[in-house]
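Q: Supplied structure: target_9.cif, mmCIF, C-alpha atoms and all ligand atoms.
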```cif
data_work
loop_
_atom_site.label_atom_id
_atom_site.label_comp_id
_atom_site.auth_asym_id
_atom_site.auth_seq_id
_atom_site.Cartn_x
_atom_site.Cartn_y
_atom_site.Cartn_z
CA MET G 1 111.74 34.71 201.89
CA VAL G 2 110.75 32.35 199.05
CA SER G 3 111.34 35.07 196.45
CA LYS G 4 114.77 35.82 197.96
CA LEU G 5 115.68 32.13 197.70
CA HIS G 6 114.44 32.08 194.14
CA ALA G 7 116.53 35.13 193.24
CA PHE G 8 119.57 33.55 194.90
CA LEU G 9 119.13 30.32 192.95
CA ALA G 10 118.69 32.21 189.67
CA GLN G 11 121.82 34.25 190.32
CA GLN G 12 123.78 31.05 191.16
CA LEU G 13 122.62 29.39 187.92
CA GLY G 14 124.07 32.29 185.94
CA HIS G 15 127.28 32.53 187.92
CA PRO G 16 127.82 29.68 190.41
CA SER G 17 130.10 30.66 193.27
CA GLY G 18 131.01 29.66 196.80
CA ILE G 19 129.84 26.53 198.60
CA TRP G 20 126.27 26.74 197.23
CA GLY G 21 127.57 27.29 193.72
CA ARG G 22 129.81 24.24 193.91
CA LEU G 23 126.90 22.11 195.19
CA LEU G 24 124.69 23.44 192.43
CA LEU G 25 127.25 22.57 189.75
CA ARG G 26 127.17 18.93 190.87
CA LEU G 27 123.39 18.96 190.90
CA LEU G 28 123.28 20.46 187.39
CA ASN G 29 125.33 17.56 186.05
CA ARG G 30 122.46 15.29 187.07
CA GLU G 31 119.49 17.51 186.29
CA ASN G 32 120.77 18.59 182.86
CA ALA G 33 122.00 15.15 181.77
CA GLY G 34 119.31 14.87 179.04
CA MET G 35 120.14 18.26 177.53
CA ASN G 36 123.86 17.54 177.56
CA ARG G 37 123.25 14.14 175.95
CA LEU G 38 121.28 15.79 173.16
CA ALA G 39 124.10 18.31 172.57
CA PHE G 40 126.68 15.50 172.58
CA GLU G 41 124.73 13.53 169.97
CA GLN G 42 124.63 16.52 167.63
CA LEU G 43 128.41 17.05 167.84
CA ALA G 44 129.29 14.02 165.65
CA ILE G 45 132.88 14.09 166.88
CA ARG G 46 135.64 12.76 164.62
CA GLN G 47 139.21 11.75 165.32
CA GLY G 48 141.47 14.78 165.81
CA ASP G 49 138.68 17.36 166.29
CA ARG G 50 139.30 20.50 168.35
CA ILE G 51 136.27 21.26 170.49
CA LEU G 52 135.22 24.23 172.62
CA GLU G 53 132.47 24.18 175.25
CA ILE G 54 131.23 27.56 176.49
CA GLY G 55 129.76 27.60 180.03
CA PHE G 56 130.68 24.03 180.97
CA GLY G 57 129.48 24.42 184.60
CA GLY G 58 130.05 21.09 186.40
CA GLY G 59 131.84 19.58 183.38
CA SER G 60 129.54 16.67 182.49
CA LEU G 61 129.52 17.38 178.73
CA LEU G 62 133.30 17.84 178.69
CA ALA G 63 133.62 14.43 180.40
CA ARG G 64 131.37 12.79 177.81
CA ILE G 65 133.34 14.35 174.92
CA LEU G 66 136.71 13.33 176.36
CA ALA G 67 135.54 9.78 177.07
CA THR G 68 135.19 9.18 173.30
CA GLY G 69 138.99 9.39 173.07
CA LEU G 70 138.53 11.08 169.68
CA PRO G 71 139.30 14.80 170.01
CA LYS G 72 142.80 16.17 169.70
CA THR G 73 142.05 18.97 172.14
CA VAL G 74 139.10 20.08 174.21
CA VAL G 75 138.79 23.57 175.70
CA GLY G 76 136.25 24.62 178.33
CA LEU G 77 135.50 28.31 178.85
CA ASP G 78 133.44 29.57 181.79
CA TYR G 79 133.47 32.89 183.62
CA ALA G 80 132.81 31.32 187.03
CA GLU G 81 136.02 30.52 188.89
CA ASP G 82 134.24 27.81 190.89
CA ALA G 83 133.18 26.02 187.71
CA LEU G 84 136.88 25.78 186.84
CA THR G 85 137.78 24.50 190.32
CA VAL G 86 135.05 21.81 190.39
CA THR G 87 135.70 20.62 186.82
CA GLN G 88 139.47 20.67 187.14
CA ARG G 89 139.13 18.34 190.12
CA LYS G 90 136.69 16.06 188.28
CA LEU G 91 138.71 15.86 185.03
CA TRP G 92 142.21 16.31 186.38
CA ARG G 93 143.67 13.41 184.40
CA TYR G 94 142.71 15.01 181.08
CA VAL G 95 144.04 18.39 182.24
CA HIS G 96 147.24 16.66 183.33
CA SER G 97 147.63 14.91 179.95
CA GLY G 98 147.12 18.20 178.09
CA GLN G 99 143.95 17.03 176.29
CA LEU G 100 141.75 19.42 178.25
CA THR G 101 142.31 23.13 178.88
CA LEU G 102 139.99 24.99 181.22
CA GLN G 103 139.94 28.72 180.85
CA GLN G 104 138.16 31.55 182.62
CA GLY G 105 136.60 34.01 180.20
CA ASN G 106 133.51 35.60 178.74
CA ALA G 107 131.55 34.18 175.82
CA SER G 108 131.14 37.69 174.38
CA HIS G 109 134.89 38.00 173.79
CA LEU G 110 136.22 34.52 173.06
CA PRO G 111 139.91 34.61 173.95
CA PHE G 112 140.98 32.58 170.91
CA PRO G 113 142.40 33.33 167.46
CA ASP G 114 140.24 32.87 164.33
CA GLN G 115 139.36 29.39 163.01
CA GLN G 116 140.58 27.37 166.01
CA PHE G 117 137.76 24.87 166.57
CA ASP G 118 135.91 22.19 164.61
CA HIS G 119 132.94 22.25 167.00
CA ILE G 120 131.57 24.63 169.61
CA CYS G 121 128.86 23.55 172.04
CA THR G 122 126.99 25.36 174.77
CA VAL G 123 124.15 24.16 177.01
CA ASN G 124 121.93 26.26 179.28
CA THR G 125 123.96 29.42 178.83
CA LEU G 126 122.08 31.45 176.22
CA TYR G 127 119.76 32.96 178.86
CA PHE G 128 122.64 34.77 180.56
CA TRP G 129 124.24 36.43 177.54
CA PRO G 130 123.59 40.18 177.31
CA ASP G 131 123.86 39.96 173.51
CA ALA G 132 123.44 36.47 171.98
CA GLN G 133 124.27 37.69 168.44
CA THR G 134 127.70 38.88 169.60
CA VAL G 135 128.40 35.45 171.08
CA PHE G 136 127.30 33.68 167.89
CA GLN G 137 129.49 36.04 165.84
CA GLU G 138 132.40 35.13 168.08
CA CYS G 139 131.60 31.43 167.56
CA TYR G 140 131.60 31.96 163.80
CA ARG G 141 134.97 33.70 163.99
CA VAL G 142 136.73 30.95 165.97
CA LEU G 143 135.21 28.02 164.02
CA THR G 144 137.04 26.46 161.09
CA PRO G 145 135.24 26.58 157.72
CA SER G 146 132.49 23.90 157.92
CA GLY G 147 132.87 23.80 161.72
CA THR G 148 129.65 23.38 163.71
CA VAL G 149 127.96 25.22 166.54
CA VAL G 150 125.53 23.37 168.86
CA VAL G 151 123.33 25.41 171.20
CA CYS G 152 121.02 23.65 173.67
CA TYR G 153 118.41 25.62 175.67
CA ASN G 154 115.17 25.40 177.62
CA THR G 155 112.01 26.68 175.99
CA LYS G 156 110.91 30.24 176.74
CA ASP G 157 107.68 28.80 178.22
CA PHE G 158 109.61 26.58 180.64
CA LEU G 159 111.72 29.52 181.84
CA GLU G 160 108.57 31.58 182.36
CA GLN G 161 106.81 28.76 184.24
CA GLN G 162 109.84 28.42 186.53
CA GLY G 163 109.79 32.17 187.22
CA LEU G 164 113.26 32.55 185.70
CA THR G 165 112.49 35.20 183.07
CA GLN G 166 111.30 37.34 185.99
CA GLN G 167 114.81 36.91 187.43
CA GLY G 168 116.48 38.23 184.27
CA PHE G 169 116.87 35.00 182.26
CA LYS G 170 116.37 35.68 178.55
CA GLY G 171 114.09 33.13 176.88
CA TYR G 172 114.23 32.54 173.13
CA GLU G 173 111.93 30.94 170.59
CA VAL G 174 113.54 28.46 168.20
CA LYS G 175 112.89 30.71 165.22
CA THR G 176 114.81 33.57 166.89
CA VAL G 177 117.88 31.43 167.58
CA GLU G 178 117.78 30.06 164.03
CA LYS G 179 117.45 33.63 162.66
CA PHE G 180 120.47 34.81 164.67
CA LEU G 181 122.60 31.99 163.24
CA ASP G 182 121.30 32.55 159.71
CA GLU G 183 122.04 36.30 159.81
CA ILE G 184 125.62 35.62 160.84
CA GLY G 185 126.15 33.25 157.92
CA PHE G 186 125.74 29.78 159.45
CA GLN G 187 124.30 27.18 157.08
CA SER G 188 122.42 23.88 157.36
CA ILE G 189 120.62 25.24 160.43
CA GLU G 190 118.50 22.62 162.18
CA THR G 191 116.79 22.29 165.55
CA PHE G 192 116.22 19.06 167.45
CA SER G 193 113.78 18.95 170.38
CA ARG G 194 113.35 16.54 173.23
CA GLN G 195 111.80 16.46 176.68
CA ASP G 196 112.43 14.95 180.09
CA SER G 197 111.10 15.24 183.63
CA SER G 198 113.80 17.72 184.79
CA ASN G 199 113.67 20.23 181.97
CA GLY G 200 110.34 19.74 180.19
CA GLN G 201 110.79 20.32 176.49
CA TYR G 202 114.11 21.72 175.26
CA HIS G 203 115.82 22.49 171.98
CA CYS G 204 119.19 22.06 170.36
CA THR G 205 119.89 24.36 167.41
CA CYS G 206 122.86 23.52 165.21
CA GLY G 207 124.56 25.34 162.35
CA LYS G 208 127.54 24.90 160.08
CA ARG G 209 130.02 27.67 159.30
C1 LIG S 1 123.19 27.04 184.24
S1 LIG S 1 124.91 26.75 184.16
C2 LIG S 1 124.94 25.42 182.92
C3 LIG S 1 126.12 24.53 183.07
C4 LIG S 1 126.14 23.33 182.09
N1 LIG S 1 126.37 23.76 180.74
C5 LIG S 1 124.88 22.52 182.19
O1 LIG S 1 124.07 22.50 181.26
O2 LIG S 1 124.69 21.88 183.23
C6 LIG S 1 125.51 28.12 183.20
C7 LIG S 1 127.02 28.17 183.12
O3 LIG S 1 127.40 29.13 182.12
C8 LIG S 1 128.38 30.01 182.64
N2 LIG S 1 128.22 31.28 181.91
C9 LIG S 1 127.10 32.05 181.84
N3 LIG S 1 127.32 33.13 181.07
C10 LIG S 1 128.60 33.05 180.63
C11 LIG S 1 129.41 33.87 179.79
N4 LIG S 1 128.94 35.01 179.27
N5 LIG S 1 130.67 33.49 179.55
C12 LIG S 1 131.17 32.34 180.09
N6 LIG S 1 130.45 31.51 180.89
C13 LIG S 1 129.18 31.86 181.15
C14 LIG S 1 128.08 30.08 184.13
O4 LIG S 1 129.20 30.48 184.88
C15 LIG S 1 127.66 28.64 184.42
O5 LIG S 1 128.75 27.80 184.74
#
```
What do you get writing this file as structure tokens?
Ligand SMILES: C[S@@+](CC[C@H](N)C(=O)[O-])C[C@H]1O[C@@H](n2cnc3c(N)ncnc32)[C@H](O)[C@@H]1O
A:
Amino acid sequence: MVSKLHAFLAQQLGHPSGIWGRLLLRLLNRENAGMNRLAFEQLAIRQGDRILEIGFGGGSLLARILATGLPKTVVGLDYAEDALTVTQRKLWRYVHSGQLTLQQGNASHLPFPDQQFDHICTVNTLYFWPDAQTVFQECYRVLTPSGTVVVCYNTKDFLEQQGLTQQGFKGYEVKTVEKFLDEIGFQSIETFSRQDSSNGQYHCTCGKR
């Protein structure tokens, strides 16, 4: 019974859906606040920036970005329909004003032309990608020259302790994420680490196109 619940929760984290998925998205906004704050701080947003968040879930990082009043446009991409529904409701005024576009889609095939964004951020999503290098290549393609990518993730140890790698989550060491970005051509690669009571230690790896 416990293992079935665990498997259900793991599956919902990767693709929230239905009533439990919508509840989970709200809970994630609270539990992942520290990780999203760290990602936000690394974005260094400037007036007129165009920003993409991949896997926005309950929309807390999008809300933080929009509240600065700085970006020209913000786009959220998530493949879970319920993430779009929950976040559209939460941030309807930005959607209405045209500052925020929410789009359903897969990180492996970003549905955008080349060199569209000044920043791309993604938090707690890396574990679900079948091929992280493909996603980073896509990020490189849609970033403007000198645009930045910000990737925030739990440690591999934390995922193992929580029994999530056993449920198919892919855990990465910092050096592996940095190597992926380096091989694609990102520069000024740096990782910042922090910890809190919800997520233990976590990392935020950043690179410049
Ligand atoms: C664990 S939730 C994290 C949500 C939020 N970023 C946070 O930190 O609270 C993962 C989110 O990424 C989305 N996701 C996972 N893989 C994806 C992919 N390949 N393409 C688009 N969205 C994806 C899921 O639908 C879900 O909303």
Q: Please compute the CA of Thr148 (chain G)-CA of His203 (chain G) distance, one decimal, in Å.
A: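 Result for CA of Thr148 (chain G) versus CA of His203 (chain G): 16.1 Å, one decimal.
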Q: So, counting all atoms listed in the file, which residue among G:Leu9, G:Ala44, G:Ile184, G:Val123 is closest to Gly59 (chain G)?
A: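 Among the listed residues, the smallest separation from Gly59 (chain G) belongs to G:Val123.
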Q: How would you write as a PyMOL selection string the residues that get within 10 Å of (141.3, 17.4, 181.1) in the file's frame, counting all atoms listed in the file?
A: chain G and resi 59+62-63+66+73-76+87-102
Q: Any residue with an atom at most 7 Å from ligand LIG 1 (chain S) counts, using all atoms listed in the file. Which are they? Put them as JSON, numbers by chain.
A: {"G": [13, 14, 15, 16, 28, 29, 32, 35, 36, 54, 55, 56, 57, 58, 59, 77, 78, 79, 80, 83, 105, 106, 107, 108, 122, 123, 124, 125, 128, 129]}
Q: I need the residue nearest Cys206 (chain G) from this list: G:Gly168, G:Pro113, G:Gly147, G:Gly163. Use all atoms listed in the file for the distance.
A: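 Smallest distance to Cys206 (chain G) is found for G:Gly147.
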Q: Can you sort out the box for region 62-71 of chain G, edges along x, y and z, all listed atoms in, 8 Å on every side, with centre and edge lengths in Å to one decimal, as lines of an AutoDock Vina configuration file?
A:
```
center_x = 135.3
center_y = 13.5
center_z = 175.0
size_x = 23.9
size_y = 24.7
size_z = 26.7
```
